[in-house]
Structures are given as C-alpha cells and as structure tokens.
Amino acid sequence: MFIATAAAAAGDYLKFTDLGIGPVALDLGIFELRWYSLGYLFGILLGYWLLTKLIRKPGSPMSREHADDMILYATLGIILGGRIGYILFYQPGMLATPLEVFKLWEGGMSLHGGALGTIFAIWLMARKHGLSFLRMCDYIACCVPFGLFLVRLANFANSELWGRVTDVKWAIIFPNGGDLPRHPSQLYEAGAEGLLMAAILWPLFFKTDARYKPGFLFGVAALIYGSARFCIEFVREPDAHLQHVVEQTGLSMGQWLTIPMLLLGLYLVLTAKGRRQRVEPVGGASSVA
C-alpha cells in the first residue's frame, strides 16, 4: 500500500536528473575528473591543513615533520583500506576479475575499511617514531569530518547509496533507484558523519582538555560515526546482493560492521580519564599536566 501510494505521487517529487549534477566534475574529453576523486583528494588536503593547526597547540603528540609524513601514511591507509574493505565486506566476487579491483574512479570504497586502514597507518607511524598511538588517533579523528562530508556529497552526485522508498516531502527520485521517491540518505550521512562530528569534536579539542586524555576524542568520533551510520542504515537501501543479510539478521552489513566501532568508542571514552597523564610535547610549546 505504501509503495503504491508513493508510486502514484511520484510526479510530485524532485527528480535527481533535474538537479543538473552527475558523477563527472570536469570532462576534458581524454580525461574525466570525478566528484568521487575530488571528495577524497580535498578531504585529505583539508584534513592535513587542520592537522597543522592542531599540532600548534601545547602538548602536541607529533611535530610538523611527523604530520608531513602522516599525510602519506593516512592516504595509503584510506585508499588501500577502503578498497580492500569494500571487496572483502561487500564485493568478494571482484576477486574473480582482478582488474576491477584497480578501478577506483568508478567508486567502491568502504568507510569501515578506510577507517581500519588509517588506524593501521597511524600504528605504523607511531611505532616507527616512538609516538603515542592513541593521542595520534585523537588528532587524526578531528580531521576526519572533512573527508566524510565530502565523500558523502560525492556519493550523492554519483546517484548511489540512496535510501529506501519513502513519502517524505524531501524525497528524491534517483535514476538508478527506479521510479519511486527515496530518502537522500547520502545527505543524511554527510550531515551526521561530517557536520555533526565536526561540531562536536572541534570544540572539544580547542575549548576543553579532552586532547590530554588519550583515546577520548578518537572514541567520541567512533561513537558519532557508529551511531549515525547505524541509525541511517534503517532508511538506506541495502545492497541488493546483501539483502539476505538484512532478511536473516534484521540488520544490514553496514550496521554489523558498525557495532564493533560503537563498542570500541564506548570503551575509549569511559576509560580515557584513567589514561590522563602529564603530556610532554613532541613539537610545540610547554608540557601540560
């Protein structure tokens, strides 16, 4: 009944094709620059810019030289982790056609995989230079909202990862989603995972002593992303080939992958106060008790 009603009223809803946007930001004929690529590129660059601001504050866990190296580590972690995670979690069949693995410009990145790849990259960096792993994670976590926001906007421009059929007034008819109006779940995620996370993390960093509690900001970021993703998945259309996961368990693959993140975030936040210690700066000004 609901779907039939939505279909009957489909003409009253905004059509994505009327927005005049698409996956290609600039077409030079022999070369196409896609919003998806730009989302990752500017997310990394803006994250690096913010990191250079964060490490100027007293008690920084890394120097400017470390931050410069971290941009390379993080980029590799995001790209390799995101792609490997997408293949393992969502498209294991791609392993049968290896060349498809390298077509990053066509999309297909897992944010859960990218997070794991970035965490591993931070661990390698911290181990190599004898730095505090958790405190580095706190600083990098504050830079993450840029990438999450921009990549979700790129998902919208790609007309992918749309939501379930709905009759809300702001529903959109996506060309790849049939003739029915759907939740613009990409925009929900851009707001919750990007803007909301920034609105919470940045004041915590600059206005409180949260950055001196190893793991606290990292834990808060995990809780915000995990909660937002878990909730929005209820209105996001599951991948067709993973529909059986929802039918068998009641939760989507994205929700199952988010549960460990929520548990880790909760643990880090609740135990952060006990890790508070005198912080000696690796680079920057005086120590902080």
# chains A, B, ... in the order shown; residues from 1 in each chain; ligands from 1
$ select_by_dssp --residues "segment 209-271 of chain A" --states "alpha helix (DSSP H)" --output "ChimeraX atom specification"
/A:216-232,243-249,253-271
$ write_last_selection --atoms "C-alpha atoms" --output "compact mmCIF listing (two decimals), in the first residue's frame"
# COMPACT_ATOMS: atom_id res chain seq x y z
CA PHE A 216 38.90 10.23 24.25
CA LEU A 217 38.46 12.18 21.01
CA PHE A 218 39.03 9.04 18.96
CA GLY A 219 36.33 7.31 21.00
CA VAL A 220 33.89 10.20 20.58
CA ALA A 221 34.45 10.14 16.80
CA ALA A 222 33.81 6.39 16.72
CA LEU A 223 30.59 6.82 18.70
CA ILE A 224 29.32 9.64 16.48
CA TYR A 225 30.08 7.84 13.23
CA GLY A 226 28.87 4.49 14.53
CA SER A 227 25.61 5.89 15.90
CA ALA A 228 24.92 7.94 12.77
CA ARG A 229 25.67 5.07 10.40
CA PHE A 230 23.71 2.53 12.44
CA CYS A 231 20.60 4.72 12.55
CA ILE A 232 20.72 5.96 8.96
CA GLN A 243 19.72 -8.16 1.09
CA HIS A 244 19.88 -11.67 2.55
CA VAL A 245 21.89 -10.32 5.50
CA VAL A 246 19.01 -8.00 6.42
CA GLU A 247 16.42 -10.73 5.92
CA GLN A 248 18.31 -13.23 8.06
CA THR A 249 19.53 -10.96 10.85
CA MET A 253 26.08 -5.34 6.68
CA GLY A 254 26.90 -1.71 7.44
CA GLN A 255 25.21 -1.99 10.83
CA TRP A 256 27.02 -5.19 11.74
CA LEU A 257 30.35 -3.60 10.83
CA THR A 258 29.47 -0.57 12.95
CA ILE A 259 28.77 -2.48 16.18
CA PRO A 260 32.49 -3.14 16.97
CA MET A 261 33.16 0.54 16.32
CA LEU A 262 30.49 1.56 18.82
CA LEU A 263 31.85 -0.81 21.47
CA LEU A 264 35.42 0.44 20.93
CA GLY A 265 34.29 4.07 21.09
CA LEU A 266 32.36 3.49 24.30
CA TYR A 267 35.34 1.77 25.91
CA LEU A 268 37.77 4.52 24.93
CA VAL A 269 35.52 7.30 26.22
CA LEU A 270 34.75 5.59 29.53
CA THR A 271 38.40 4.74 30.25
$ residues_around --residues "segment 205-211 of chain A" --least-positions-apart "2" --cutoff "10 Å" --atoms "only C-alpha atoms" --output "NGL selection string"
:A and (54 or 57 or 59-61 or 135-136 or 138-139 or 142 or 200-203 or 213-218 or 272-273 or 276 or 279 or 288)
$ residues_around --residues "segment 107-121 of chain A" --least-positions-apart "4" --cutoff "7 Å" --atoms "only C-alpha atoms" --output "VMD selection string"
chain A and resid 36 73 to 74 77 to 86 125
$ closest_atom_pairs --of "segment 8-46 of chain A" --to "segment 173-180 of chain A" --cutoff "7 Å" --atoms "only C-alpha atoms" --output "JSON lines"
{"residue": "A:Ala10", "atom": "CA", "partner": "A:Leu180", "partner_atom": "CA", "distance": 6.0}
{"residue": "A:Tyr13", "atom": "CA", "partner": "A:Ile173", "partner_atom": "CA", "distance": 6.9}
{"residue": "A:Leu14", "atom": "CA", "partner": "A:Ile173", "partner_atom": "CA", "distance": 6.3}
{"residue": "A:Lys15", "atom": "CA", "partner": "A:Ile173", "partner_atom": "CA", "distance": 4.7}
{"residue": "A:Phe16", "atom": "CA", "partner": "A:Phe174", "partner_atom": "CA", "distance": 5.3}
$ write_last_selection --atoms "N, CA and C atoms" --output "mmCIF file, in the first residue's frame"
data_model
loop_
_atom_site.group_PDB
_atom_site.id
_atom_site.type_symbol
_atom_site.label_atom_id
_atom_site.label_comp_id
_atom_site.auth_asym_id
_atom_site.auth_seq_id
_atom_site.Cartn_x
_atom_site.Cartn_y
_atom_site.Cartn_z
ATOM 1 N N ALA A 10 4.582 9.941 -7.360
ATOM 2 C CA ALA A 10 5.981 10.136 -7.746
ATOM 3 C C ALA A 10 6.194 11.424 -8.528
ATOM 4 N N TYR A 13 7.492 14.610 -6.658
ATOM 5 C CA TYR A 13 8.801 14.621 -6.003
ATOM 6 C C TYR A 13 9.908 15.106 -6.942
ATOM 7 N N LEU A 14 10.950 15.626 -6.327
ATOM 8 C CA LEU A 14 12.099 16.111 -7.084
ATOM 9 C C LEU A 14 12.813 14.956 -7.767
ATOM 10 N N LYS A 15 13.137 15.142 -9.028
ATOM 11 C CA LYS A 15 13.908 14.139 -9.767
ATOM 12 C C LYS A 15 15.384 14.530 -9.733
ATOM 13 N N PHE A 16 16.221 13.561 -9.447
ATOM 14 C CA PHE A 16 17.654 13.830 -9.354
ATOM 15 C C PHE A 16 18.179 14.422 -10.661
#
$ select_by_dssp --residues "segment 5-97 of chain A" --states "strand (DSSP E or B)" --output "VMD selection string"
chain A and resid 14 to 15 24 to 27 32 to 34 60
$ atom_distance --atom1 "atom CA of Gly22 of chain A" --atom2 "atom CA of Ser159 of chain A"
7.5 Å
$ residues_around --residues "Pro145 of chain A" --least-positions-apart "6" --cutoff "9 Å" --atoms "only C-alpha atoms" --output "list in words"
Gly43, Gly47, Ala190, Glu193, Gly194, Leu195, Leu196, Met197 and Ala198 of chain A
$ closest_residue --among "A:Leu45, A:Tyr90, A:Val235, A:Ala199" --to "Val168 of chain A" --atoms "only C-alpha atoms"
A:Val235
$ closest_residue --among "A:His183, A:His129, A:Arg56, A:Arg236" --to "Trp170 of chain A" --atoms "only C-alpha atoms"
A:His183
$ decode --residues "segment 163-204 of chain A" --atoms "C-alpha atoms" --output "short mmCIF file (atom, residue, chain, number, x, y, z; two decimals), in the first residue's frame"
data_model
loop_
_atom_site.label_atom_id
_atom_site.label_comp_id
_atom_site.auth_asym_id
_atom_site.auth_seq_id
_atom_site.Cartn_x
_atom_site.Cartn_y
_atom_site.Cartn_z
CA GLY A 163 17.74 5.39 0.66
CA ARG A 164 14.60 3.32 0.90
CA VAL A 165 11.31 4.27 -0.70
CA THR A 166 9.53 6.97 1.29
CA ASP A 167 6.83 9.61 1.11
CA VAL A 168 8.67 12.39 2.97
CA LYS A 169 8.44 15.74 1.19
CA TRP A 170 12.17 15.95 0.53
CA ALA A 171 12.38 12.52 -1.12
CA ILE A 172 14.20 12.30 -4.45
CA ILE A 173 13.70 10.02 -7.45
CA PHE A 174 17.15 8.68 -8.32
CA PRO A 175 17.78 7.41 -11.87
CA ASN A 176 19.30 4.17 -10.65
CA GLY A 177 16.63 3.67 -7.99
CA GLY A 178 13.60 3.16 -10.18
CA ASP A 179 10.60 5.48 -10.42
CA LEU A 180 9.91 5.68 -6.69
CA PRO A 181 10.87 8.55 -4.35
CA ARG A 182 13.63 7.65 -1.91
CA HIS A 183 15.39 9.06 1.13
CA PRO A 184 18.52 11.08 0.13
CA SER A 185 20.44 9.06 2.71
CA GLN A 186 23.78 10.28 1.36
CA LEU A 187 22.88 13.79 2.55
CA TYR A 188 21.78 12.49 5.93
CA GLU A 189 25.17 10.84 6.30
CA ALA A 190 27.03 13.94 5.12
CA GLY A 191 25.30 15.95 7.82
CA ALA A 192 25.62 13.45 10.67
CA GLU A 193 29.02 11.92 9.92
CA GLY A 194 30.60 15.15 8.70
CA LEU A 195 28.99 18.31 10.03
CA LEU A 196 27.75 16.92 13.35
CA MET A 197 31.06 15.21 14.08
CA ALA A 198 32.94 18.45 13.39
CA ALA A 199 30.53 20.44 15.56
CA ILE A 200 31.27 18.13 18.49
CA LEU A 201 34.94 17.22 18.07
CA TRP A 202 36.39 20.63 17.26
CA PRO A 203 35.03 22.46 20.35
CA LEU A 204 36.13 19.50 22.49
#
